[in-house]
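Participant: Below you'll find the structure I mean.
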Amino acid sequence: MRLSLFGFLFLVLILPAQTHADEMVLISSGPFQMGSMEGQPDERPAHKVHVDTFFIDRYPVTNADYARFLNVFGNRVEGGKEWLDNVGPLSSYLCKIQKKDGRFIPKPGYENHPVIKVTWYGARAYARWLGKRLPTEAEWEKAARGGLKDKKYVYGETISPSQANIGGFKGITPVGSYAPNGFGLYDMVANVWQWCYDWYDPGYYGPSPSSNPKGPESGSLKVLRGGSWYHKDSWRVGTRLADEPFSRNFCFVTGFRCAKDPVETTHGQQKADGIKIISRF
């Protein structure tokens, strides 16, 4: 049966695209080994960190999800720059969200790709809209390790193009294109860098708190984790990077995922309103 023009427009404009915004994984309270003695100086020393229970998005935020947010609030200026950088010849090409007829929509075929060209402020604003927040660097690393101890990569001591987007200059892939890590989380490494809550300090690990560290109180750079398809050898789970909050240097390969604090029920269980708990670890 062929759709009428009205039916086609209804499907395109009214029905929502695929969304993952409500899918989160519960990571249980406990310690893990953070950092690496084999990596760069800012990854040292390897140290034990306790992190309280938290939820984290199963997937990075997609273009479809972020476009919904922009259609509610618009593309506001914060920190001296619009949340999403999609204006100008290069930015409009790299960014896969466009404004058409007064609405923000993903470019065809990119609905399920991670959003990029978004500032730290834009990531924080989106998270707040959903009652979430950005993960701390410690939360991100605990989630990325997926329960593995003292391993170099998300999947163990090695990583291959069949496990992550490291197969060369192929560009960003749709979320969920590769198998998840041990906690059921997708794209924790090698697709796009991911914003964390923390300010960056290359020497922070030495004096950092042993329980729920949240980074320095101030700074000029925000932490990025996870590596990207573009940056070779950025795929170790302990690798750290940083950029200015308005994403001066790595905007074309920077996205994010959200975290959320749980609420304890009267039966001692952990829950969060408005989300699907995909799994608990």
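Please note that chains go A, B, ... in the order of the structure tokens, that every chain numbers its residues from 1, and that ligands are numbered from 1 in the order shown.
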What parts of segment 129-204 of chain A does DSSP call helix (DSSP H, G or I)? I'd like the answer as a PyMOL selection string.

Facilitator: chain A and resi 129+137-145

Participant: Could you write out the selected residues, including N, CA and C atoms, as a short mmCIF file (atom, residue, chain, number, x, y, z; two decimals), in the first residue's frame?

Facilitator:
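The new file selection-v6.cif reads:
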```cif
data_model
loop_
_atom_site.label_atom_id
_atom_site.label_comp_id
_atom_site.auth_asym_id
_atom_site.auth_seq_id
_atom_site.Cartn_x
_atom_site.Cartn_y
_atom_site.Cartn_z
N TRP A 129 17.33 18.87 31.25
CA TRP A 129 15.98 18.79 30.69
C TRP A 129 15.32 17.45 31.03
N GLU A 137 33.95 11.93 35.92
CA GLU A 137 34.97 11.15 35.24
C GLU A 137 35.12 9.77 35.88
N ALA A 138 35.02 9.72 37.21
CA ALA A 138 35.13 8.42 37.90
C ALA A 138 33.96 7.52 37.55
N GLU A 139 32.76 8.07 37.51
CA GLU A 139 31.60 7.27 37.12
C GLU A 139 31.77 6.75 35.70
N TRP A 140 32.22 7.64 34.82
CA TRP A 140 32.39 7.22 33.43
C TRP A 140 33.37 6.06 33.33
N GLU A 141 34.52 6.16 34.01
CA GLU A 141 35.52 5.11 33.88
C GLU A 141 35.05 3.80 34.51
N LYS A 142 34.37 3.89 35.65
CA LYS A 142 33.85 2.66 36.25
C LYS A 142 32.87 1.97 35.30
N ALA A 143 31.99 2.77 34.70
CA ALA A 143 31.03 2.21 33.75
C ALA A 143 31.73 1.62 32.53
N ALA A 144 32.73 2.34 32.02
CA ALA A 144 33.43 1.89 30.81
C ALA A 144 34.18 0.59 31.04
N ARG A 145 34.74 0.41 32.21
CA ARG A 145 35.49 -0.82 32.49
C ARG A 145 34.58 -2.05 32.54
#
```

Participant: Wanna dump the segment 43-85 of chain A-segment 202-224 of chain A contacts at 9 Å for me, each residue with its shortest atom pair and the distance in Å to one decimal, counting only C-alpha atoms, ordered by chain and number, as a Markdown table?

Facilitator:
```
| residue | atom | partner | partner_atom | distance |
| --- | --- | --- | --- | --- |
| A:Glu43 | CA | A:Tyr205 | CA | 7.2 |
| A:Arg44 | CA | A:Tyr205 | CA | 6.4 |
| A:Pro45 | CA | A:Gly206 | CA | 6.3 |
| A:Ala46 | CA | A:Tyr205 | CA | 8.0 |
| A:His47 | CA | A:Tyr205 | CA | 7.7 |
| A:Lys48 | CA | A:Ser210 | CA | 6.7 |
| A:Val49 | CA | A:Ser210 | CA | 4.9 |
| A:His50 | CA | A:Ser211 | CA | 4.6 |
| A:Val51 | CA | A:Asn212 | CA | 4.9 |
| A:Asp52 | CA | A:Asn212 | CA | 6.8 |
```

Participant: Dump N, CA and C atoms for the selected residues as a PDB file, in the first residue's frame?

Facilitator:
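Result file is part-v6.pdb:
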```pdb
ATOM      1  N   GLU A  43      47.189   9.971  33.689  1.00  0.00           N
ATOM      2  CA  GLU A  43      46.422   8.792  34.113  1.00  0.00           C
ATOM      3  C   GLU A  43      46.987   8.181  35.392  1.00  0.00           C
ATOM      4  N   ARG A  44      48.049   8.768  35.936  1.00  0.00           N
ATOM      5  CA  ARG A  44      48.739   8.196  37.085  1.00  0.00           C
ATOM      6  C   ARG A  44      48.528   9.066  38.316  1.00  0.00           C
ATOM      7  N   PRO A  45      48.559   8.424  39.481  1.00  0.00           N
ATOM      8  CA  PRO A  45      48.747   6.982  39.702  1.00  0.00           C
ATOM      9  C   PRO A  45      47.428   6.223  39.546  1.00  0.00           C
ATOM     10  N   ALA A  46      47.545   4.941  39.234  1.00  0.00           N
ATOM     11  CA  ALA A  46      46.360   4.082  39.335  1.00  0.00           C
ATOM     12  C   ALA A  46      45.966   4.043  40.809  1.00  0.00           C
ATOM     13  N   HIS A  47      44.682   4.174  41.087  1.00  0.00           N
ATOM     14  CA  HIS A  47      44.254   4.308  42.475  1.00  0.00           C
ATOM     15  C   HIS A  47      42.840   3.769  42.643  1.00  0.00           C
ATOM     16  N   LYS A  48      42.556   3.290  43.845  1.00  0.00           N
ATOM     17  CA  LYS A  48      41.236   2.747  44.139  1.00  0.00           C
ATOM     18  C   LYS A  48      40.270   3.888  44.440  1.00  0.00           C
ATOM     19  N   VAL A  49      39.109   3.821  43.812  1.00  0.00           N
ATOM     20  CA  VAL A  49      38.091   4.852  43.976  1.00  0.00           C
ATOM     21  C   VAL A  49      36.748   4.188  44.295  1.00  0.00           C
ATOM     22  N   HIS A  50      36.053   4.703  45.284  1.00  0.00           N
ATOM     23  CA  HIS A  50      34.689   4.261  45.575  1.00  0.00           C
ATOM     24  C   HIS A  50      33.711   5.200  44.885  1.00  0.00           C
ATOM     25  N   VAL A  51      32.720   4.619  44.213  1.00  0.00           N
ATOM     26  CA  VAL A  51      31.682   5.405  43.543  1.00  0.00           C
ATOM     27  C   VAL A  51      30.326   4.906  44.013  1.00  0.00           C
ATOM     28  N   ASP A  52      29.469   5.825  44.419  1.00  0.00           N
ATOM     29  CA  ASP A  52      28.117   5.461  44.831  1.00  0.00           C
ATOM     30  C   ASP A  52      27.295   4.979  43.636  1.00  0.00           C
TER      31      ASP A  52
END
```

Participant: Just checking: using only C-alpha atoms, which residue out of A:Cys258, A:Met34, A:Ile97, A:Ala67 ends up closest to Lys152 of chain A?

Facilitator: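 With only C-alpha atoms as the atom set, the closest residue is A:Met34.
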
Participant: Excluding Gly182 of chain A and its own-chain neighbours fewer than 2 positions away, which residues fall within 8 Å of it when counting only C-alpha atoms? Please give them as a list in words.

Facilitator: Arg145, Gly146, Gly147, Leu148, Tyr155, Pro180, Gly184 and Leu185 of chain A

Participant: Could you list, as a ChimeraX atom specification, every residue within 12 Å of segment 99-101 of chain A, counting only C-alpha atoms and ignoring same-chain residues fewer than 2 positions away?

Facilitator: /A:13,67-68,70-71,74-75,84-87,92,95-97,103-107

Participant: Separation of atom CA of Glu111 of chain A and atom CA of Val61 of chain A, in Å?

Facilitator: 10.5 Å

Participant: Write out as a list in words the residues lying within 7 Å of Lys260 of chain A, counting only C-alpha atoms and excluding same-chain residues fewer than 4 positions away.

Facilitator: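 These residues fall inside the cut-off: Phe54, Phe55, Ile56, Lys132 and Arg133 of chain A.
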
Participant: Within 8 Å of His20 of chain A, counting only C-alpha atoms, which residues show up once you throw out same-chain ones fewer than 2 positions away? Write them as a ChimeraX atom specification, please.

Facilitator: /A:18,22-23,58-59,61-62,65

Participant: Could those selected residues go to a file with N, CA and C atoms, as a compact mmCIF listing (two decimals), in the first residue's frame?

Facilitator:
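Output file again.txt is given in full below:
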```txt
# COMPACT_ATOMS: atom_id res chain seq x y z
N GLN A 18 13.38 6.87 16.38
CA GLN A 18 13.85 5.98 17.42
C GLN A 18 14.59 6.78 18.48
N ASP A 22 15.56 7.07 27.31
CA ASP A 22 15.05 6.53 28.58
C ASP A 22 15.69 5.20 28.96
N GLU A 23 16.69 4.75 28.20
CA GLU A 23 17.33 3.48 28.50
C GLU A 23 18.61 3.72 29.30
N ARG A 58 22.53 3.99 28.38
CA ARG A 58 23.00 2.80 27.68
C ARG A 58 23.72 3.17 26.39
N TYR A 59 23.30 4.25 25.77
CA TYR A 59 23.88 4.72 24.51
C TYR A 59 24.26 6.20 24.63
N VAL A 61 23.95 10.05 23.49
CA VAL A 61 22.80 10.82 23.02
C VAL A 61 22.87 10.94 21.49
N THR A 62 21.75 10.69 20.84
CA THR A 62 21.72 10.69 19.38
C THR A 62 21.25 12.03 18.81
N ASP A 65 17.54 12.44 19.46
CA ASP A 65 17.24 12.86 20.83
C ASP A 65 17.57 14.33 21.04
```

Participant: Write out as a PyMOL selection string all residues of segment 22-225 of chain A that backbone DSSP assigns to strand (DSSP E or B).

Facilitator: chain A and resi 23-27+30-34+47-51+54-57+62+77-78+81-82+84+97-100+103-106+114+118+133+153+156+193-199+211+222-225

Participant: Out of A:Lys170, A:Lys151, A:His231, A:Lys117, which residue has the shortest atom-to-atom distance to Leu90 of chain A when counting only C-alpha atoms?

Facilitator: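 So, comparing all the options, the nearest one is A:Lys117.
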
Participant: Please list as number ranges by chain every residue within 10 Å of Ser162 of chain A, counting only C-alpha atoms and excluding residues in the same chain fewer than 6 positions away.

Facilitator: A: 177-179

Participant: Those same residues, written as a PDB file, in the first residue's frame with N, CA and C atoms?

Facilitator:
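And here is the file that came out, result37.pdb:
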```
ATOM      1  N   SER A 177      26.261  -0.074  17.110  1.00  0.00           N
ATOM      2  CA  SER A 177      26.776  -0.836  15.967  1.00  0.00           C
ATOM      3  C   SER A 177      27.705  -1.966  16.392  1.00  0.00           C
ATOM      4  N   TYR A 178      28.228  -1.887  17.605  1.00  0.00           N
ATOM      5  CA  TYR A 178      29.157  -2.903  18.109  1.00  0.00           C
ATOM      6  C   TYR A 178      28.613  -3.471  19.411  1.00  0.00           C
ATOM      7  N   ALA A 179      29.162  -4.596  19.822  1.00  0.00           N
ATOM      8  CA  ALA A 179      28.706  -5.269  21.034  1.00  0.00           C
ATOM      9  C   ALA A 179      28.943  -4.386  22.259  1.00  0.00           C
TER      10      ALA A 179
END
```

Participant: Just the number, please: distance in Å from atom CA of Val115 of chain A to atom CA of Val192 of chain A, one decimal.

Facilitator: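 According to the coordinates, atom CA of Val115 of chain A and atom CA of Val192 of chain A are separated by 9.0 Å.
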
Participant: How many Å separate atom CA of Gly131 of chain A from atom CA of Val263 of chain A?

Facilitator: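 If I compute the distance from atom CA of Gly131 of chain A to atom CA of Val263 of chain A, I get 12.4 Å.
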